[in-house]
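Only one structure is covered here, and it is reproduced in the block below.
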Amino acid sequence: MDKIKINFLGTAAQIPTAKRNTSGILITYKNENILVDCGEGIQRQFRKAKINLGKITRILLTHKHGDHVFGLSGLLSTLNFSDYRKTLYIYCPKGMKKFLEDFLKAGKFEENYSLKIQEVSGKFFETEDFYLEAEKMEHGTPTNAYNFIIKNKLRIDKKKLAKAKIPSGPLLSKIQQGKNVTYEGKYF
Ligand SMILES: [Zn+2]
């Protein structure tokens, strides 16, 4: 099974410290590199972590407070100067898109890549392996929490399953949850 890699690029609260950046978490799974929030200084954090900025596929913004978004215009500027030529998706809470568009006008260059900003709630992105969900939070300004959910796939040794002749159905989901089951007098 493919592993999820999580890089904590920024874990300070409102103010960066010498050792901790404002918000930014990178979730890497399969071909996706999803950045959650984009605090000031995020580019340096990528460099320190030796991760190429061009790998970013999506950015999830929780809300518009500066410690979560001030890194965005610098990041986009760098992507524009580099060879980033794919579509970058930025997701944000309902009521934030206009702010974001105005904010990104500052220092804006002609874009060499495609930028798509979407206000989201509920399930908003899905692949065959995982999906993303947004849930509204209370924080004095439109705010989302995000769920990254890997779809439920059987993580059971198929050879052992065949040997034990256990039929598919509710027993399998119990085994997957790590529970012990009894089938035809045998204990698994
Ligand atoms: Zn805030």
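Residue names in the structure tokens use chain letters A, B, ... in the order shown, residue numbers from 1 in each chain, and ligand numbers from 1 in the order shown.
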Hey, what does DSSP flag as alpha helix (DSSP H) within range 96-188 of chain A? Can you give it to me as a compact mmCIF listing (two decimals) with C-alpha atoms, in the first residue's frame?
# COMPACT_ATOMS: atom_id res chain seq x y z
CA LYS A 97 -12.62 33.57 -3.23
CA LYS A 98 -13.08 37.29 -3.85
CA PHE A 99 -10.58 38.14 -1.11
CA LEU A 100 -8.11 35.70 -2.61
CA GLU A 101 -8.45 37.09 -6.12
CA ASP A 102 -7.89 40.63 -4.83
CA PHE A 103 -4.99 39.49 -2.64
CA LEU A 104 -3.26 37.73 -5.51
CA LYS A 105 -3.48 40.83 -7.71
CA LYS A 158 -5.35 -12.70 -0.09
CA LYS A 159 -3.41 -15.96 -0.05
CA LYS A 160 -4.25 -16.57 3.60
CA LEU A 161 -7.82 -15.65 2.87
CA ALA A 162 -8.08 -18.20 0.07
CA LYS A 163 -6.44 -20.86 2.24
CA ALA A 164 -8.92 -20.27 5.06
CA PRO A 170 -19.11 -8.87 6.88
CA LEU A 171 -16.44 -11.26 8.19
CA LEU A 172 -13.82 -9.61 6.00
CA SER A 173 -14.54 -6.15 7.27
CA LYS A 174 -14.23 -7.46 10.84
CA ILE A 175 -10.86 -9.02 10.01
CA GLN A 176 -9.76 -5.78 8.41
Excluding same-chain residues fewer than 2 positions from Ser82 in chain A, what lies within 12 Å of it counting only C-alpha atoms, as a PyMOL selection string? chain A and resi 52-55+75-80+84-86+111-113
So which residues are near ligand 1, meaning at most 7 Å away with only C-alpha atoms and all ligand atoms counted, given back as a ChimeraX atom specification? /A:63,65,139
Which one of A:Thr57, A:Ser73, A:Thr141, A:Asn180 sits closest to Lys30 in chain A if you count only C-alpha atoms? A:Thr57
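Checking A:Tyr183, A:Gly39, A:Glu138, A:Asp129 one by one against Pro167 in chain A, counting only C-alpha atoms, you find the shortest gap at A:Tyr183.
Here CA of Ile90 in chain A stands at a distance of 8.6 Å from CA of Glu119 in chain A.
Each of A:Tyr29, A:Gly95, A:Thr22, A:Ser121 was compared to Phe70 in chain A using only C-alpha atoms, and A:Thr22 turns out to be the nearest.
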May I have all residues of range 10-157 of chain A that DSSP, computed from the backbone, assigns to strand (DSSP E), given as JSON, numbers by chain? {"A": [10, 24, 25, 26, 27, 28, 29, 32, 33, 34, 35, 36, 58, 59, 60, 87, 88, 89, 90, 91, 92, 114, 115, 116, 117, 118, 119, 122, 123, 124, 125, 126, 130, 131, 132, 133, 134, 135, 136, 137, 143, 144, 145, 146, 147, 148, 149, 150]}
Restricting the output to N, CA and C atoms, write the selected residues as a tab-separated table (two decimals), in the first residue's frame.
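Saved as selection.tsv:
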chain	number	residue	atom	x	y	z
A	10	GLY	N	5.27	24.17	8.55
A	10	GLY	CA	5.04	25.32	9.43
A	10	GLY	C	4.09	24.95	10.54
A	24	GLY	N	1.71	25.54	7.42
A	24	GLY	CA	1.90	24.85	6.16
A	24	GLY	C	2.18	23.37	6.39
A	25	ILE	N	1.34	22.54	5.80
A	25	ILE	CA	1.54	21.09	5.91
A	25	ILE	C	1.42	20.52	4.50
A	26	LEU	N	2.38	19.69	4.13
A	26	LEU	CA	2.33	19.08	2.80
A	26	LEU	C	1.99	17.61	2.93
A	27	ILE	N	0.90	17.23	2.25
A	27	ILE	CA	0.48	15.82	2.23
A	27	ILE	C	0.85	15.24	0.87
A	28	THR	N	1.67	14.22	0.89
A	28	THR	CA	2.08	13.58	-0.35
A	28	THR	C	1.50	12.17	-0.40
A	29	TYR	N	0.76	11.91	-1.44
A	29	TYR	CA	0.16	10.59	-1.60
A	29	TYR	C	0.01	10.30	-3.09
A	32	GLU	N	-0.13	13.04	-5.86
A	32	GLU	CA	-0.62	14.32	-5.36
A	32	GLU	C	0.29	14.89	-4.26
A	33	ASN	N	0.52	16.17	-4.34
A	33	ASN	CA	1.23	16.90	-3.28
A	33	ASN	C	0.34	18.07	-2.88
A	34	ILE	N	-0.32	17.90	-1.76
A	34	ILE	CA	-1.37	18.83	-1.35
A	34	ILE	C	-0.86	19.67	-0.19
A	35	LEU	N	-0.80	20.96	-0.42
A	35	LEU	CA	-0.33	21.87	0.63
A	35	LEU	C	-1.53	22.43	1.38
A	36	VAL	N	-1.51	22.27	2.69
A	36	VAL	CA	-2.59	22.81	3.51
A	36	VAL	C	-2.08	24.08	4.18
A	58	ARG	N	-2.14	20.81	-5.42
A	58	ARG	CA	-3.32	21.50	-4.88
A	58	ARG	C	-2.95	22.23	-3.60
A	59	ILE	N	-3.65	23.33	-3.36
A	59	ILE	CA	-3.46	24.05	-2.11
A	59	ILE	C	-4.82	24.19	-1.43
A	60	LEU	N	-4.89	23.75	-0.20
A	60	LEU	CA	-6.12	23.90	0.58
A	60	LEU	C	-5.92	25.02	1.58
A	87	THR	N	-2.08	22.87	-14.10
A	87	THR	CA	-3.13	23.64	-13.44
A	87	THR	C	-2.97	23.51	-11.93
A	88	LEU	N	-2.89	24.66	-11.27
A	88	LEU	CA	-2.81	24.65	-9.81
A	88	LEU	C	-4.20	24.93	-9.25
A	89	TYR	N	-4.66	24.03	-8.41
A	89	TYR	CA	-5.98	24.19	-7.81
A	89	TYR	C	-5.84	24.74	-6.40
A	90	ILE	N	-6.54	25.83	-6.14
A	90	ILE	CA	-6.57	26.36	-4.78
A	90	ILE	C	-8.00	26.27	-4.27
A	91	TYR	N	-8.17	25.62	-3.15
A	91	TYR	CA	-9.50	25.46	-2.56
A	91	TYR	C	-9.59	26.31	-1.30
A	92	CYS	N	-10.76	26.90	-1.10
A	92	CYS	CA	-10.92	27.78	0.07
A	92	CYS	C	-12.37	27.71	0.56
A	114	SER	N	-2.03	27.56	-15.30
A	114	SER	CA	-3.44	27.81	-15.09
A	114	SER	C	-3.77	27.72	-13.59
A	115	LEU	N	-4.48	28.71	-13.09
A	115	LEU	CA	-4.82	28.77	-11.67
A	115	LEU	C	-6.34	28.67	-11.53
A	116	LYS	N	-6.77	27.72	-10.71
A	116	LYS	CA	-8.22	27.57	-10.50
A	116	LYS	C	-8.52	27.69	-9.02
A	117	ILE	N	-9.32	28.70	-8.68
A	117	ILE	CA	-9.69	28.90	-7.28
A	117	ILE	C	-11.14	28.46	-7.09
A	118	GLN	N	-11.37	27.59	-6.12
A	118	GLN	CA	-12.72	27.09	-5.90
A	118	GLN	C	-13.09	27.19	-4.42
A	119	GLU	N	-14.28	27.73	-4.18
A	119	GLU	CA	-14.83	27.69	-2.82
A	119	GLU	C	-15.46	26.32	-2.64
A	122	GLY	N	-18.17	20.18	1.78
A	122	GLY	CA	-18.48	18.77	1.50
A	122	GLY	C	-17.37	18.13	0.69
A	123	LYS	N	-17.71	17.03	0.01
A	123	LYS	CA	-16.69	16.33	-0.80
A	123	LYS	C	-16.40	17.14	-2.05
A	124	PHE	N	-15.15	17.46	-2.33
A	124	PHE	CA	-14.88	18.33	-3.48
A	124	PHE	C	-13.81	17.80	-4.42
A	125	PHE	N	-13.12	16.75	-4.03
A	125	PHE	CA	-12.14	16.18	-4.95
A	125	PHE	C	-12.02	14.70	-4.67
A	126	GLU	N	-11.93	13.93	-5.76
A	126	GLU	CA	-11.91	12.49	-5.56
A	126	GLU	C	-11.06	11.81	-6.63
A	130	PHE	N	-8.53	8.15	-3.02
A	130	PHE	CA	-8.85	8.98	-1.85
A	130	PHE	C	-9.79	10.12	-2.24
A	131	TYR	N	-10.33	10.77	-1.24
A	131	TYR	CA	-11.11	11.98	-1.53
A	131	TYR	C	-10.86	13.04	-0.46
A	132	LEU	N	-11.23	14.26	-0.82
A	132	LEU	CA	-11.05	15.39	0.08
A	132	LEU	C	-12.42	15.98	0.43
A	133	GLU	N	-12.57	16.33	1.68
A	133	GLU	CA	-13.82	16.92	2.15
A	133	GLU	C	-13.52	18.20	2.91
A	134	ALA	N	-14.44	19.14	2.83
A	134	ALA	CA	-14.30	20.37	3.62
A	134	ALA	C	-15.46	20.47	4.59
A	135	GLU	N	-15.16	20.93	5.76
A	135	GLU	CA	-16.20	21.12	6.77
A	135	GLU	C	-16.07	22.50	7.38
A	136	LYS	N	-17.20	23.19	7.50
A	136	LYS	CA	-17.20	24.56	7.99
A	136	LYS	C	-16.84	24.62	9.49
A	137	MET	N	-15.99	25.56	9.84
A	137	MET	CA	-15.58	25.75	11.23
A	137	MET	C	-15.92	27.17	11.69
A	143	THR	N	-14.18	29.69	7.41
A	143	THR	CA	-13.08	28.76	7.73
A	143	THR	C	-13.49	27.33	7.42
A	144	ASN	N	-12.58	26.60	6.83
A	144	ASN	CA	-12.79	25.17	6.57
A	144	ASN	C	-11.78	24.33	7.32
A	145	ALA	N	-12.25	23.18	7.79
A	145	ALA	CA	-11.34	22.10	8.16
A	145	ALA	C	-11.39	21.12	6.99
A	146	TYR	N	-10.33	20.38	6.77
A	146	TYR	CA	-10.30	19.45	5.64
A	146	TYR	C	-10.05	18.02	6.10
A	147	ASN	N	-10.73	17.13	5.44
A	147	ASN	CA	-10.50	15.70	5.64
A	147	ASN	C	-9.81	15.12	4.43
A	148	PHE	N	-8.79	14.34	4.65
A	148	PHE	CA	-8.13	13.57	3.59
A	148	PHE	C	-8.47	12.12	3.88
A	149	ILE	N	-9.25	11.51	3.02
A	149	ILE	CA	-9.76	10.17	3.34
A	149	ILE	C	-9.35	9.15	2.28
A	150	ILE	N	-8.60	8.15	2.73
A	150	ILE	CA	-8.23	7.07	1.82
A	150	ILE	C	-9.39	6.09	1.77
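Counting only C-alpha atoms and comparing A:Asn152, A:Gln177, A:Thr182, A:Ser23, the residue that lies closest to Thr11 in chain A is A:Ser23.
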